[in-house]
Amino acid sequence: MPGTVLLLAASPLGRGRLVDAASVLPVLAAVPPSVLSGTDTANVVELADPLEPQAVLTRLRAAAAAPGPLTVYVVGQLQFDRRQRLPHLALARTTASTVRYTALPWHWFREELRLRPAGATTLFLDLHADPETWQSLCAPLPPGPSPLDCGRDNAVYGRVAPPPSRRAVAVPAYMKAVATILRSGRRPPEEELHQQALTRIAPESAGTELLLARRGPLPGDPHAAVTAAVRSGRHADADALAARLEQAAGLAHGPVSEEAMHWTEVRADLAMLAGDAARSCRTWLAVATARLAAGQPADAPAVEAAVDRAHHQWGRIGDPVRARELGSVLAEVRGRVPGRREGALDHVRRQLRQLQTQD
């Protein structure tokens, strides 16, 4: 699938500017979109010294909703909202007294990216902090998310530099190094790209920055993680993990691919293990309907198995209202997929008639 790239360079106009953020955009713009994203094709959105936080939020939200991998390059300066003590990305109109209204709250990145599939999002950051923000970032962190948290399922690389010397405007050296490396036409693995950029700027940085290097979810056996969550009674966590894997498989291979359908089936089983027969029934019916819509025959083993399992879970639903609701759907699907058990459709119809008399 095509990737999406968001290039965001922002810093205040006038005396409050700590870094010439937009100066890096021509270098980044010279990099082919496919190299910026690490995909065969990519859509690139560029924001140079934007004025309004809501406008940035709109673009960020659209980028987060796009299917496929997302890479976000952010260059700019951090300032604290003194009232809430939260870091913000300063925009063109930001001043020390208007941070809360004219800058982009950093936690908006986390909130907008939180529903993306695990491992599908990477951020490269080159940030300069004002004195107050720098002091706060260097202080021991209290329990809870980092002030620059971008979401636990996203990879983050880059640096936060201290305030430049008085009356100086800094250069986004880290991001320029990243862009220069990418202009070669080759995109190294993310951690390698990060290390190469740091090596290039080492003589001028003197090791004073805060380095950001957090890889995305490591590859491993996701089934083991799901199983461990179930065994410890964390059924909601197990379903949430399976849902992320389902979404990621759908983005990578298509929503009705076997890879995606597998995780939908896992979620149906997880609902059963959690004792939620109605959700399990509904999910198995969704699997059967999706397979039929994709052109699989009614007697295909995977289709029959999905309907049989939906039927079995339907019989375990204790709520008559939900049983009637799902029974009507099951009867329709059973009409198309009678299965190998004789009289299955008649059984659904008899049970539905009995349910009509129950409150």
# chains A, B, ... in the order shown; residues from 1 in each chain; ligands from 1

$ residues_around --residues "Asp346 of chain A" --least-positions-apart "3" --cutoff "12 Å" --atoms "only C-alpha atoms" --output "ChimeraX atom specification"
/A:327,330-332,334-335,338,341-343,349-353

$ write_last_selection --atoms "all heavy atoms" --output "tab-separated table (two decimals), in the first residue's frame"
chain	number	residue	atom	x	y	z
A	327	GLY	N	-30.16	-14.21	15.88
A	327	GLY	CA	-30.80	-15.37	15.27
A	327	GLY	C	-31.34	-15.06	13.89
A	327	GLY	O	-31.27	-15.91	12.98
A	330	LEU	N	-28.37	-15.11	11.67
A	330	LEU	CA	-27.90	-16.48	11.51
A	330	LEU	C	-28.80	-17.27	10.56
A	330	LEU	O	-28.32	-18.04	9.72
A	330	LEU	CB	-27.83	-17.17	12.88
A	330	LEU	CG	-27.41	-18.64	12.89
A	330	LEU	CD1	-26.02	-18.82	12.29
A	330	LEU	CD2	-27.47	-19.20	14.31
A	331	ALA	N	-30.12	-17.07	10.67
A	331	ALA	CA	-31.05	-17.78	9.79
A	331	ALA	C	-30.79	-17.41	8.33
A	331	ALA	O	-30.83	-18.27	7.44
A	331	ALA	CB	-32.49	-17.46	10.18
A	332	GLU	N	-30.54	-16.13	8.08
A	332	GLU	CA	-30.26	-15.70	6.70
A	332	GLU	C	-28.98	-16.35	6.18
A	332	GLU	O	-28.93	-16.83	5.04
A	332	GLU	CB	-30.16	-14.18	6.68
A	332	GLU	CG	-30.13	-13.58	5.27
A	332	GLU	CD	-28.74	-13.57	4.66
A	332	GLU	OE1	-27.76	-13.43	5.43
A	332	GLU	OE2	-28.63	-13.69	3.42
A	334	ARG	N	-27.54	-19.08	7.38
A	334	ARG	CA	-27.75	-20.53	7.30
A	334	ARG	C	-28.50	-20.92	6.03
A	334	ARG	O	-28.29	-22.00	5.47
A	334	ARG	CB	-28.53	-21.02	8.52
A	334	ARG	CG	-27.70	-21.54	9.66
A	334	ARG	CD	-26.91	-22.76	9.28
A	334	ARG	NE	-26.17	-23.32	10.40
A	334	ARG	CZ	-25.02	-23.98	10.27
A	334	ARG	NH1	-24.47	-24.11	9.08
A	334	ARG	NH2	-24.41	-24.48	11.32
A	335	GLY	N	-29.35	-20.02	5.56
A	335	GLY	CA	-30.03	-20.29	4.30
A	335	GLY	C	-29.07	-20.39	3.13
A	335	GLY	O	-29.32	-21.11	2.16
A	338	PRO	N	-25.94	-24.06	4.47
A	338	PRO	CA	-26.63	-25.05	5.31
A	338	PRO	C	-25.68	-25.89	6.16
A	338	PRO	O	-26.07	-26.40	7.22
A	338	PRO	CB	-27.38	-25.91	4.31
A	338	PRO	CG	-26.69	-25.69	3.00
A	338	PRO	CD	-26.17	-24.30	3.04
A	341	ARG	N	-24.33	-30.39	8.89
A	341	ARG	CA	-25.21	-30.97	9.91
A	341	ARG	C	-26.65	-30.83	9.45
A	341	ARG	O	-27.17	-29.73	9.30
A	341	ARG	CB	-25.01	-30.24	11.25
A	341	ARG	CG	-25.71	-30.95	12.41
A	341	ARG	CD	-25.39	-30.27	13.72
A	341	ARG	NE	-25.99	-28.93	13.81
A	341	ARG	CZ	-25.90	-28.15	14.86
A	341	ARG	NH1	-25.20	-28.54	15.91
A	341	ARG	NH2	-26.47	-26.96	14.87
A	342	GLU	N	-27.28	-31.93	9.24
A	342	GLU	CA	-28.63	-31.93	8.69
A	342	GLU	C	-29.60	-31.24	9.67
A	342	GLU	O	-29.55	-31.46	10.87
A	342	GLU	CB	-29.09	-33.37	8.44
A	342	GLU	CG	-30.42	-33.47	7.71
A	342	GLU	CD	-30.78	-34.90	7.37
A	342	GLU	OE1	-29.93	-35.80	7.56
A	342	GLU	OE2	-31.91	-35.12	6.90
A	343	GLY	N	-30.46	-30.41	9.10
A	343	GLY	CA	-31.48	-29.76	9.92
A	343	GLY	C	-31.01	-28.54	10.67
A	343	GLY	O	-31.72	-28.03	11.54
A	349	ARG	N	-34.62	-21.86	13.03
A	349	ARG	CA	-35.98	-21.35	12.90
A	349	ARG	C	-36.85	-21.74	14.11
A	349	ARG	O	-37.64	-20.93	14.61
A	349	ARG	CB	-36.61	-21.86	11.61
A	349	ARG	CG	-36.01	-21.20	10.36
A	349	ARG	CD	-36.49	-21.89	9.09
A	349	ARG	NE	-36.04	-21.15	7.91
A	349	ARG	CZ	-36.08	-21.63	6.68
A	349	ARG	NH1	-36.57	-22.86	6.47
A	349	ARG	NH2	-35.67	-20.91	5.66
A	350	ARG	N	-36.71	-22.97	14.59
A	350	ARG	CA	-37.48	-23.41	15.76
A	350	ARG	C	-37.11	-22.60	16.99
A	350	ARG	O	-37.98	-22.14	17.74
A	350	ARG	CB	-37.23	-24.90	16.05
A	350	ARG	CG	-37.92	-25.86	15.08
A	350	ARG	CD	-37.94	-27.27	15.66
A	350	ARG	NE	-36.61	-27.74	16.01
A	350	ARG	CZ	-35.79	-28.38	15.17
A	350	ARG	NH1	-36.17	-28.58	13.92
A	350	ARG	NH2	-34.61	-28.80	15.56
A	351	GLN	N	-35.80	-22.40	17.17
A	351	GLN	CA	-35.35	-21.62	18.32
A	351	GLN	C	-35.83	-20.18	18.25
A	351	GLN	O	-36.20	-19.57	19.26
A	351	GLN	CB	-33.82	-21.65	18.41
A	351	GLN	CG	-33.24	-23.01	18.76
A	351	GLN	CD	-33.69	-23.46	20.16
A	351	GLN	OE1	-34.51	-24.37	20.29
A	351	GLN	NE2	-33.15	-22.80	21.18
A	352	LEU	N	-35.85	-19.62	17.05
A	352	LEU	CA	-36.33	-18.25	16.88
A	352	LEU	C	-37.82	-18.15	17.25
A	352	LEU	O	-38.23	-17.16	17.88
A	352	LEU	CB	-36.11	-17.78	15.44
A	352	LEU	CG	-34.76	-17.11	15.14
A	352	LEU	CD1	-34.68	-16.79	13.64
A	352	LEU	CD2	-34.58	-15.85	15.96
A	353	ARG	N	-38.60	-19.13	16.86
A	353	ARG	CA	-40.03	-19.11	17.20
A	353	ARG	C	-40.21	-19.15	18.71
A	353	ARG	O	-41.09	-18.46	19.26
A	353	ARG	CB	-40.76	-20.28	16.54
A	353	ARG	CG	-40.98	-20.08	15.03
A	353	ARG	CD	-42.00	-21.07	14.50
A	353	ARG	NE	-41.51	-22.44	14.57
A	353	ARG	CZ	-40.84	-23.05	13.59
A	353	ARG	NH1	-40.54	-22.40	12.46
A	353	ARG	NH2	-40.44	-24.30	13.72

$ select_by_dssp --residues "segment 152-342 of chain A" --states "helix (DSSP H, G or I)" --output "PyMOL selection string"
chain A and resi 173-182+190-205+222-231+235-253+258-273+277-293+301-314+320-336

$ residues_around --residues "Thr133 of chain A" --least-positions-apart "4" --cutoff "8 Å" --atoms "only C-alpha atoms" --output "list in words"
Leu78, Gln79, Phe80, Pro87, Ala129 and Leu137 of chain A

$ residues_around --residues "segment 315-317 of chain A" --least-positions-apart "6" --cutoff "10 Å" --atoms "only C-alpha atoms" --output "PDB file with all heavy atoms, in the first residue's frame"
ATOM      1  N   MET A 272     -15.348 -15.855  22.924  1.00  0.00           N
ATOM      2  CA  MET A 272     -15.859 -17.087  23.534  1.00  0.00           C
ATOM      3  C   MET A 272     -15.155 -17.362  24.863  1.00  0.00           C
ATOM      4  O   MET A 272     -15.799 -17.666  25.879  1.00  0.00           O
ATOM      5  CB  MET A 272     -15.643 -18.261  22.579  1.00  0.00           C
ATOM      6  CG  MET A 272     -16.039 -19.623  23.149  1.00  0.00           C
ATOM      7  SD  MET A 272     -15.392 -21.000  22.176  1.00  0.00           S
ATOM      8  CE  MET A 272     -13.626 -20.834  22.448  1.00  0.00           C
ATOM      9  N   GLY A 275     -16.329 -15.421  27.680  1.00  0.00           N
ATOM     10  CA  GLY A 275     -17.712 -15.674  28.073  1.00  0.00           C
ATOM     11  C   GLY A 275     -18.721 -14.776  27.391  1.00  0.00           C
ATOM     12  O   GLY A 275     -19.885 -14.728  27.810  1.00  0.00           O
ATOM     13  N   ASP A 276     -18.321 -14.095  26.335  1.00  0.00           N
ATOM     14  CA  ASP A 276     -19.230 -13.204  25.614  1.00  0.00           C
ATOM     15  C   ASP A 276     -19.712 -13.926  24.359  1.00  0.00           C
ATOM     16  O   ASP A 276     -19.187 -13.716  23.252  1.00  0.00           O
ATOM     17  CB  ASP A 276     -18.517 -11.897  25.248  1.00  0.00           C
ATOM     18  CG  ASP A 276     -19.475 -10.828  24.760  1.00  0.00           C
ATOM     19  OD1 ASP A 276     -20.587 -11.170  24.334  1.00  0.00           O
ATOM     20  OD2 ASP A 276     -19.101  -9.648  24.796  1.00  0.00           O
ATOM     21  N   ALA A 277     -20.729 -14.764  24.525  1.00  0.00           N
ATOM     22  CA  ALA A 277     -21.218 -15.574  23.410  1.00  0.00           C
ATOM     23  C   ALA A 277     -21.794 -14.717  22.294  1.00  0.00           C
ATOM     24  O   ALA A 277     -21.649 -15.038  21.108  1.00  0.00           O
ATOM     25  CB  ALA A 277     -22.265 -16.573  23.912  1.00  0.00           C
ATOM     26  N   ALA A 278     -22.460 -13.627  22.641  1.00  0.00           N
ATOM     27  CA  ALA A 278     -23.072 -12.778  21.619  1.00  0.00           C
ATOM     28  C   ALA A 278     -22.000 -12.144  20.733  1.00  0.00           C
ATOM     29  O   ALA A 278     -22.128 -12.126  19.501  1.00  0.00           O
ATOM     30  CB  ALA A 278     -23.923 -11.697  22.270  1.00  0.00           C
ATOM     31  N   ARG A 279     -20.941 -11.654  21.341  1.00  0.00           N
ATOM     32  CA  ARG A 279     -19.874 -11.047  20.534  1.00  0.00           C
ATOM     33  C   ARG A 279     -19.171 -12.092  19.690  1.00  0.00           C
ATOM     34  O   ARG A 279     -18.819 -11.837  18.529  1.00  0.00           O
ATOM     35  CB  ARG A 279     -18.875 -10.322  21.446  1.00  0.00           C
ATOM     36  CG  ARG A 279     -17.729  -9.663  20.705  1.00  0.00           C
ATOM     37  CD  ARG A 279     -17.090  -8.561  21.542  1.00  0.00           C
ATOM     38  NE  ARG A 279     -16.595  -9.056  22.820  1.00  0.00           N
ATOM     39  CZ  ARG A 279     -15.356  -9.496  23.023  1.00  0.00           C
ATOM     40  NH1 ARG A 279     -14.490  -9.515  22.025  1.00  0.00           N
ATOM     41  NH2 ARG A 279     -14.972  -9.906  24.214  1.00  0.00           N
ATOM     42  N   SER A 280     -18.969 -13.274  20.245  1.00  0.00           N
ATOM     43  CA  SER A 280     -18.353 -14.344  19.480  1.00  0.00           C
ATOM     44  C   SER A 280     -19.223 -14.733  18.286  1.00  0.00           C
ATOM     45  O   SER A 280     -18.741 -14.873  17.161  1.00  0.00           O
ATOM     46  CB  SER A 280     -18.114 -15.560  20.382  1.00  0.00           C
ATOM     47  OG  SER A 280     -17.486 -16.600  19.660  1.00  0.00           O
ATOM     48  N   CYS A 281     -20.522 -14.875  18.521  1.00  0.00           N
ATOM     49  CA  CYS A 281     -21.448 -15.212  17.441  1.00  0.00           C
ATOM     50  C   CYS A 281     -21.418 -14.144  16.352  1.00  0.00           C
ATOM     51  O   CYS A 281     -21.325 -14.449  15.159  1.00  0.00           O
ATOM     52  CB  CYS A 281     -22.856 -15.374  17.999  1.00  0.00           C
ATOM     53  SG  CYS A 281     -24.135 -15.616  16.740  1.00  0.00           S
ATOM     54  N   ALA A 323     -30.363 -12.659  21.431  1.00  0.00           N
ATOM     55  CA  ALA A 323     -30.491 -13.929  20.711  1.00  0.00           C
ATOM     56  C   ALA A 323     -31.424 -13.781  19.509  1.00  0.00           C
ATOM     57  O   ALA A 323     -31.160 -14.327  18.432  1.00  0.00           O
ATOM     58  CB  ALA A 323     -30.991 -15.015  21.655  1.00  0.00           C
ATOM     59  N   ARG A 324     -32.526 -13.046  19.681  1.00  0.00           N
ATOM     60  CA  ARG A 324     -33.430 -12.829  18.547  1.00  0.00           C
ATOM     61  C   ARG A 324     -32.743 -12.028  17.439  1.00  0.00           C
ATOM     62  O   ARG A 324     -32.865 -12.336  16.257  1.00  0.00           O
ATOM     63  CB  ARG A 324     -34.695 -12.101  19.016  1.00  0.00           C
ATOM     64  CG  ARG A 324     -35.693 -12.983  19.723  1.00  0.00           C
ATOM     65  CD  ARG A 324     -37.062 -12.308  19.827  1.00  0.00           C
ATOM     66  NE  ARG A 324     -37.033 -11.111  20.643  1.00  0.00           N
ATOM     67  CZ  ARG A 324     -37.299 -11.087  21.939  1.00  0.00           C
ATOM     68  NH1 ARG A 324     -37.606 -12.217  22.575  1.00  0.00           N
ATOM     69  NH2 ARG A 324     -37.270  -9.956  22.618  1.00  0.00           N
ATOM     70  N   LEU A 326     -29.498 -11.686  16.730  1.00  0.00           N
ATOM     71  CA  LEU A 326     -28.482 -12.450  16.010  1.00  0.00           C
ATOM     72  C   LEU A 326     -29.077 -13.682  15.333  1.00  0.00           C
ATOM     73  O   LEU A 326     -28.572 -14.136  14.306  1.00  0.00           O
ATOM     74  CB  LEU A 326     -27.359 -12.848  16.968  1.00  0.00           C
ATOM     75  CG  LEU A 326     -26.475 -11.680  17.424  1.00  0.00           C
ATOM     76  CD1 LEU A 326     -25.546 -12.110  18.544  1.00  0.00           C
ATOM     77  CD2 LEU A 326     -25.651 -11.155  16.248  1.00  0.00           C
ATOM     78  N   GLY A 327     -30.161 -14.206  15.880  1.00  0.00           N
ATOM     79  CA  GLY A 327     -30.799 -15.372  15.270  1.00  0.00           C
ATOM     80  C   GLY A 327     -31.339 -15.064  13.886  1.00  0.00           C
ATOM     81  O   GLY A 327     -31.274 -15.912  12.980  1.00  0.00           O
ATOM     82  N   VAL A 348     -32.442 -23.423  13.787  1.00  0.00           N
ATOM     83  CA  VAL A 348     -32.428 -21.985  14.027  1.00  0.00           C
ATOM     84  C   VAL A 348     -33.849 -21.432  14.000  1.00  0.00           C
ATOM     85  O   VAL A 348     -34.247 -20.631  14.872  1.00  0.00           O
ATOM     86  CB  VAL A 348     -31.550 -21.265  12.973  1.00  0.00           C
ATOM     87  CG1 VAL A 348     -31.640 -19.743  13.154  1.00  0.00           C
ATOM     88  CG2 VAL A 348     -30.102 -21.721  13.074  1.00  0.00           C
ATOM     89  N   GLN A 351     -35.796 -22.395  17.168  1.00  0.00           N
ATOM     90  CA  GLN A 351     -35.347 -21.622  18.323  1.00  0.00           C
ATOM     91  C   GLN A 351     -35.830 -20.179  18.246  1.00  0.00           C
ATOM     92  O   GLN A 351     -36.205 -19.573  19.256  1.00  0.00           O
ATOM     93  CB  GLN A 351     -33.820 -21.651  18.409  1.00  0.00           C
ATOM     94  CG  GLN A 351     -33.236 -23.013  18.765  1.00  0.00           C
ATOM     95  CD  GLN A 351     -33.685 -23.461  20.161  1.00  0.00           C
ATOM     96  OE1 GLN A 351     -34.508 -24.367  20.293  1.00  0.00           O
ATOM     97  NE2 GLN A 351     -33.153 -22.802  21.185  1.00  0.00           N
TER      98      GLN A 351
END

$ atom_distance --atom1 "atom CA of Ala298 of chain A" --atom2 "atom CA of Arg336 of chain A"
6.6 Å

$ residues_around --residues "Tyr157 of chain A" --least-positions-apart "3" --cutoff "12 Å" --atoms "only C-alpha atoms" --output "PyMOL selection string"
chain A and resi 71-74+121-127+148-150+154+160+174-175+178+189-198+210-216

$ closest_residue --among "A:Leu113, A:Leu6, A:Ala170, A:Ala63" --to "Leu36 of chain A" --atoms "only C-alpha atoms"
A:Leu6

$ residues_around --residues "segment 100-106 of chain A" --least-positions-apart "2" --cutoff "9 Å" --atoms "only C-alpha atoms" --output "ChimeraX atom specification"
/A:51-54,56-57,78-84,86-95,97-98,108-110,147-150

$ closest_residue --among "A:Gln296, A:Ser34, A:Ser257, A:Gln313" --to "Trp284 of chain A" --atoms "only C-alpha atoms"
A:Gln313

$ residues_around --residues "Arg234 of chain A" --least-positions-apart "6" --cutoff "12 Å" --atoms "only C-alpha atoms" --output "number ranges by chain"
A: 225-228, 240-241, 270-271, 273-274

$ write_last_selection --atoms "all heavy atoms" --output "tab-separated table (two decimals), in the first residue's frame"
chain	number	residue	atom	x	y	z
A	225	ALA	N	1.75	-13.67	22.86
A	225	ALA	CA	1.33	-12.52	23.66
A	225	ALA	C	-0.17	-12.55	23.94
A	225	ALA	O	-0.62	-12.25	25.04
A	225	ALA	CB	1.72	-11.22	22.94
A	226	VAL	N	-0.95	-12.91	22.93
A	226	VAL	CA	-2.39	-13.01	23.12
A	226	VAL	C	-2.73	-14.10	24.13
A	226	VAL	O	-3.55	-13.91	25.04
A	226	VAL	CB	-3.09	-13.29	21.77
A	226	VAL	CG1	-4.57	-13.60	21.98
A	226	VAL	CG2	-2.94	-12.10	20.83
A	227	THR	N	-2.08	-15.24	23.99
A	227	THR	CA	-2.33	-16.36	24.90
A	227	THR	C	-1.97	-15.99	26.33
A	227	THR	O	-2.69	-16.32	27.28
A	227	THR	CB	-1.53	-17.59	24.45
A	227	THR	OG1	-1.94	-17.96	23.13
A	227	THR	CG2	-1.78	-18.77	25.39
A	228	ALA	N	-0.83	-15.29	26.49
A	228	ALA	CA	-0.42	-14.90	27.83
A	228	ALA	C	-1.44	-13.97	28.47
A	228	ALA	O	-1.73	-14.08	29.67
A	228	ALA	CB	0.95	-14.22	27.78
A	240	ALA	N	-7.69	-6.38	22.42
A	240	ALA	CA	-7.12	-5.15	21.86
A	240	ALA	C	-5.88	-5.45	21.02
A	240	ALA	O	-5.69	-4.88	19.94
A	240	ALA	CB	-6.78	-4.18	22.99
A	241	LEU	N	-5.05	-6.38	21.50
A	241	LEU	CA	-3.86	-6.77	20.74
A	241	LEU	C	-4.27	-7.44	19.44
A	241	LEU	O	-3.72	-7.14	18.36
A	241	LEU	CB	-2.98	-7.69	21.58
A	241	LEU	CG	-1.77	-8.31	20.87
A	241	LEU	CD1	-0.87	-7.22	20.30
A	241	LEU	CD2	-0.99	-9.21	21.83
A	270	LEU	N	-11.53	-15.36	21.17
A	270	LEU	CA	-11.27	-14.64	22.41
A	270	LEU	C	-12.57	-14.23	23.10
A	270	LEU	O	-12.68	-14.26	24.33
A	270	LEU	CB	-10.42	-13.40	22.12
A	270	LEU	CG	-8.97	-13.67	21.72
A	270	LEU	CD1	-8.28	-12.36	21.32
A	270	LEU	CD2	-8.20	-14.34	22.84
A	271	ALA	N	-13.56	-13.83	22.29
A	271	ALA	CA	-14.87	-13.49	22.87
A	271	ALA	C	-15.48	-14.70	23.55
A	271	ALA	O	-16.09	-14.60	24.62
A	271	ALA	CB	-15.79	-12.94	21.79
A	273	LEU	N	-13.81	-17.22	24.87
A	273	LEU	CA	-13.06	-17.48	26.09
A	273	LEU	C	-13.41	-16.48	27.19
A	273	LEU	O	-13.32	-16.79	28.38
A	273	LEU	CB	-11.56	-17.44	25.79
A	273	LEU	CG	-11.03	-18.54	24.88
A	273	LEU	CD1	-9.59	-18.26	24.48
A	273	LEU	CD2	-11.15	-19.90	25.56
A	274	ALA	N	-13.80	-15.28	26.78
A	274	ALA	CA	-14.19	-14.26	27.76
A	274	ALA	C	-15.63	-14.44	28.23
A	274	ALA	O	-16.10	-13.69	29.08
A	274	ALA	CB	-14.02	-12.87	27.15

$ closest_atom_pairs --of "segment 32-56 of chain A" --to "segment 9-21 of chain A" --cutoff "7 Å" --atoms "only C-alpha atoms" --output "CSV"
residue,atom,partner,partner_atom,distance
A:Leu47,CA,A:Ala9,CA,6.2
A:Ala48,CA,A:Ala9,CA,5.2
A:Asp49,CA,A:Ala10,CA,4.3
A:Pro50,CA,A:Ala10,CA,6.4

$ select_by_dssp --residues "segment 92-232 of chain A" --states "strand (DSSP E or B)" --output "number ranges by chain"
A: 104-105, 121-129, 155-161, 170, 210-214

$ closest_residue --among "A:Pro131, A:Pro140, A:Gly151, A:Pro69" --to "Glu112 of chain A" --atoms "only C-alpha atoms"
A:Gly151

$ decode --residues "segment 34-41 of chain A" --atoms "all heavy atoms" --output "tab-separated table (two decimals), in the first residue's frame"
chain	number	residue	atom	x	y	z
A	34	SER	N	9.10	8.00	-2.10
A	34	SER	CA	9.24	6.58	-1.75
A	34	SER	C	10.36	6.36	-0.75
A	34	SER	O	10.29	5.47	0.11
A	34	SER	CB	9.48	5.74	-3.01
A	34	SER	OG	10.66	6.17	-3.67
A	35	VAL	N	11.42	7.17	-0.85
A	35	VAL	CA	12.54	7.05	0.10
A	35	VAL	C	12.17	7.65	1.45
A	35	VAL	O	12.53	7.13	2.50
A	35	VAL	CB	13.80	7.71	-0.48
A	35	VAL	CG1	14.97	7.58	0.49
A	35	VAL	CG2	14.17	7.06	-1.81
A	36	LEU	N	11.44	8.76	1.42
A	36	LEU	CA	10.98	9.35	2.68
A	36	LEU	C	10.12	8.39	3.47
A	36	LEU	O	10.16	8.36	4.70
A	36	LEU	CB	10.18	10.62	2.40
A	36	LEU	CG	10.95	11.89	2.03
A	36	LEU	CD1	9.99	12.98	1.61
A	36	LEU	CD2	11.83	12.36	3.18
A	37	SER	N	9.32	7.59	2.77
A	37	SER	CA	8.36	6.71	3.45
A	37	SER	C	8.83	5.28	3.59
A	37	SER	O	8.33	4.55	4.44
A	37	SER	CB	7.02	6.73	2.71
A	37	SER	OG	7.18	6.10	1.44
A	38	GLY	N	9.78	4.87	2.76
A	38	GLY	CA	10.18	3.47	2.77
A	38	GLY	C	9.19	2.55	2.10
A	38	GLY	O	9.20	1.34	2.33
A	39	THR	N	8.30	3.09	1.26
A	39	THR	CA	7.33	2.31	0.51
A	39	THR	C	7.52	2.58	-0.98
A	39	THR	O	8.21	3.53	-1.37
A	39	THR	CB	5.89	2.67	0.91
A	39	THR	OG1	5.69	4.08	0.69
A	39	THR	CG2	5.64	2.36	2.38
A	40	ASP	N	6.89	1.76	-1.82
A	40	ASP	CA	7.05	1.94	-3.26
A	40	ASP	C	6.52	3.29	-3.73
A	40	ASP	O	7.09	3.94	-4.61
A	40	ASP	CB	6.33	0.81	-4.02
A	40	ASP	CG	7.03	-0.53	-3.82
A	40	ASP	OD1	8.24	-0.52	-3.49
A	40	ASP	OD2	6.37	-1.57	-3.97
A	41	THR	N	5.40	3.71	-3.18
A	41	THR	CA	4.83	5.02	-3.49
A	41	THR	C	4.38	5.68	-2.19
A	41	THR	O	4.15	5.00	-1.19
A	41	THR	CB	3.62	4.90	-4.44
A	41	THR	OG1	2.61	4.09	-3.81
A	41	THR	CG2	4.02	4.28	-5.77
